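Comments concern the structure below.
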Amino acid sequence: MRRKVIKAVFPVAGLGTRFLPATKAVPKEMMTLVDRPLIQYAIDEARAAGIKEFIFVTSRGKSALEDYFDTAPELEASLRRKGKDDLLQTLKQTNMESGAIAYIRQHRALGLGHAVWCARRLIADEPFAVILPDDVIAGEKGCLQQMVEAYEETGGCMVAAMEVPPSKASAYGILDVEQDLGHQVKVKGMIEKPNADEAPSNLAVIGRYILTPQVMRNLNKMRSGTGGEIQLTDAIAEEIQAGRDVYGYRFRGQRFDCGSKAGFLQATVAFGLGRNDLRDEFSHYLDELMAVRNAAQ
Ligand code: UTP
């Protein structure tokens, strides 16, 4: 029987240069969409997909992440004294079972592939998920849960895939499709950041993966690819070359690139409008803003 995916790696060791100066002191993953940090969305999605072991690959300056998932005895005692049960309830989502979360340091930001490889001893010989918390995906069913369900049928490696226009291809890894199976596509190649005229399809890889332990072994060889970084895409592409199955999964949901400023702002608006406690006030504000802008044009 296929082993269940119960481990997930969260690579959070990047420098986050697109959000400087904020990321000089605040980890990118701690930036908030409305009132929850990006990492909370990622953890919730992983939990919904059945993940039980959470492996963070961190770096210097990311201790706020560790504190976030710890208890806060003084704060909790103070809220209890004041009878603020709703806030205590809110804090519960940050509690992790003891031993469920592990932190590993990536000592130098040598790329996503290298960050994932840093978790090799904890992954050992099991399939595992990788979640990039700066890709936030809104939808009824979590993206990773959709992928885990599909993976239970197919096995192999699976990457989340999203349609992009050719002009955007150079920002992504792009899939070369062998067979279109509907939600899934069987992949015969992957190209990291191709020019628009070299992109083999319009399906881009985004930050959710289910990987076999063999991908870790491929990463052991550690050659730097595009941009001098060790690319996860290269280690997955090796699986295809070895004749093993790699699938792209067209997930249902809307993905926001919260690693970019524009994407982060879009997510803030979408999640703000999605909240019952904010929708009326916020949409009223946006309507007024648009009316003023339109009148000025
Ligand atoms: P990005 O490409 O978004 O890089 O990494 P970044 O450093 O986070 O941000 P910018 O581009 O400088 O603004 C994608 C994911 O891979 C992780 C990041 O933390 C992010 O979740 N990553 C990247 C690592 O953990 N280590 C690395 O060496 C590189």
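Every chain in the structure tokens has a letter given in the order shown (A, B, ...), and although residue numbers restart at 1 in each chain, ligands are simply numbered from 1 in the order shown.
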Given only C-alpha atoms and all ligand atoms, how would the per-residue table for chain A near ligand 1 read, listing every residue at most 10 Å away with its closest atom pair and distance in Å to one decimal, sorted by chain and number, as CSV?
```
residue,atom,partner,partner_atom_place_in_ligand_line,distance
A:Val9,CA,ligand 1,25 (O),9.8
A:Phe10,CA,ligand 1,21 (O),7.1
A:Pro11,CA,ligand 1,25 (O),3.9
A:Val12,CA,ligand 1,19 (O),3.4
A:Ala13,CA,ligand 1,25 (O),3.5
A:Gly14,CA,ligand 1,7 (O),3.3
A:Leu15,CA,ligand 1,7 (O),3.7
A:Gly16,CA,ligand 1,9 (O),3.3
A:Thr17,CA,ligand 1,12 (O),3.6
A:Arg18,CA,ligand 1,13 (O),3.6
A:Phe19,CA,ligand 1,13 (O),6.0
A:Leu20,CA,ligand 1,13 (O),8.0
A:Thr23,CA,ligand 1,13 (O),8.9
A:Pro27,CA,ligand 1,19 (O),8.9
A:Lys28,CA,ligand 1,8 (O),7.3
A:Glu29,CA,ligand 1,21 (O),7.8
A:Ile39,CA,ligand 1,21 (O),9.8
A:Phe56,CA,ligand 1,25 (O),8.8
A:Val57,CA,ligand 1,25 (O),6.1
A:Thr58,CA,ligand 1,25 (O),6.6
A:Ser59,CA,ligand 1,25 (O),7.9
A:Arg105,CA,ligand 1,25 (O),9.3
A:Gln106,CA,ligand 1,26 (N),6.9
A:His107,CA,ligand 1,28 (O),8.9
A:Arg108,CA,ligand 1,28 (O),6.6
A:Ala109,CA,ligand 1,28 (O),3.1
A:Leu110,CA,ligand 1,28 (O),4.1
A:Gly111,CA,ligand 1,28 (O),3.4
A:Leu112,CA,ligand 1,23 (C),4.4
A:Gly113,CA,ligand 1,27 (C),7.7
A:His114,CA,ligand 1,28 (O),6.5
A:Ala115,CA,ligand 1,26 (N),4.8
A:Val116,CA,ligand 1,25 (O),7.5
A:Cys118,CA,ligand 1,25 (O),9.5
A:Val130,CA,ligand 1,21 (O),9.8
A:Ile131,CA,ligand 1,21 (O),7.9
A:Leu132,CA,ligand 1,21 (O),4.6
A:Pro133,CA,ligand 1,21 (O),5.7
A:Asp134,CA,ligand 1,21 (O),5.9
A:Asp135,CA,ligand 1,21 (O),8.2
A:Ala171,CA,ligand 1,2 (O),9.8
A:Tyr172,CA,ligand 1,2 (O),10.0
A:Ile206,CA,ligand 1,14 (C),9.8
A:Gly207,CA,ligand 1,15 (C),7.8
A:Glu229,CA,ligand 1,28 (O),7.5
A:Ile230,CA,ligand 1,28 (O),8.1
A:Gln231,CA,ligand 1,29 (C),9.1
A:Leu232,CA,ligand 1,16 (O),9.7
A:Asp257,CA,ligand 1,3 (O),9.0
A:Cys258,CA,ligand 1,3 (O),8.8
A:Gly259,CA,ligand 1,3 (O),5.4
A:Ser260,CA,ligand 1,13 (O),7.0
A:Lys261,CA,ligand 1,13 (O),9.3
```
For Asp67 in chain A, please output as a list of chain:residue names all residues within 12 Å (counting only C-alpha atoms; exclusion window: fewer than 6 positions along the same chain).
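Final neighbour list, sorted by chain and number: A:Met30, A:Gly61, A:Pro73, A:Thr94, A:Asn95, A:Met96, A:Tyr103.
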Check the DSSP output for the backbone and give back, as a count of residues only, the residues of range 77-167 of chain A in alpha helix (DSSP H).
35
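Rounded to one decimal, CA of Phe264 in chain A and CA of Ala49 in chain A lie 24.1 Å from each other.
Closest approach to Ile123 in chain A among A:Arg250, A:Arg279, A:Lys62, A:Arg217 is made by A:Arg217 (distances from only C-alpha atoms).
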So that I can check the surroundings of Leu265 in chain A, please list as an NGL selection string every protein, DNA and RNA residue that reaches within 12 Å of it, counting only C-alpha atoms and ignoring chain neighbours fewer than 6 positions away.
:A and (31-34 or 256-259 or 271-272)
Report the residues of range 12-118 of chain A whose backbone DSSP state falls under strand (DSSP E), written as a count of residues only.
15
When you count only C-alpha atoms, which of these residues is closest to Gly142 in chain A: A:Glu53, A:Asp44, A:Glu238, A:Asp277?
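Under the stated criterion, the closest residue is A:Asp44.
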Compile the contact shell of Thr154 in chain A as a ChimeraX atom specification: residues with an atom at most 10 Å away, counting only C-alpha atoms, same-chain residues fewer than 6 positions apart removed.
/A:2,148,184,245-247
Include N, CA and C atoms and write out the residues we just selected as a PDB file, in the first residue's frame.
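Final file, selection22.pdb:
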```pdb
ATOM      1  N   ARG A   2       0.365   2.320  -0.639  1.00  0.00           N
ATOM      2  CA  ARG A   2       1.135   3.567  -0.701  1.00  0.00           C
ATOM      3  C   ARG A   2       1.227   4.220   0.677  1.00  0.00           C
ATOM      4  N   VAL A 148      -3.060  15.613  -2.226  1.00  0.00           N
ATOM      5  CA  VAL A 148      -2.870  14.358  -1.489  1.00  0.00           C
ATOM      6  C   VAL A 148      -3.893  13.324  -1.976  1.00  0.00           C
ATOM      7  N   GLN A 184      -5.106  16.216 -13.677  1.00  0.00           N
ATOM      8  CA  GLN A 184      -3.676  15.930 -13.689  1.00  0.00           C
ATOM      9  C   GLN A 184      -3.124  15.986 -15.102  1.00  0.00           C
ATOM     10  N   ASP A 245       7.191   8.509 -12.641  1.00  0.00           N
ATOM     11  CA  ASP A 245       6.052   9.386 -12.923  1.00  0.00           C
ATOM     12  C   ASP A 245       6.137  10.727 -12.186  1.00  0.00           C
ATOM     13  N   VAL A 246       5.904  11.795 -12.946  1.00  0.00           N
ATOM     14  CA  VAL A 246       5.753  13.123 -12.351  1.00  0.00           C
ATOM     15  C   VAL A 246       4.469  13.723 -12.936  1.00  0.00           C
ATOM     16  N   TYR A 247       3.636  14.238 -12.055  1.00  0.00           N
ATOM     17  CA  TYR A 247       2.362  14.811 -12.485  1.00  0.00           C
ATOM     18  C   TYR A 247       2.287  16.293 -12.125  1.00  0.00           C
TER      19      TYR A 247
END
```
Nearest to Ala138 in chain A, chosen from A:Ser283, A:Gln254, A:Gln297, A:Asn276, with only C-alpha atoms counted in the distances:
A:Gln254
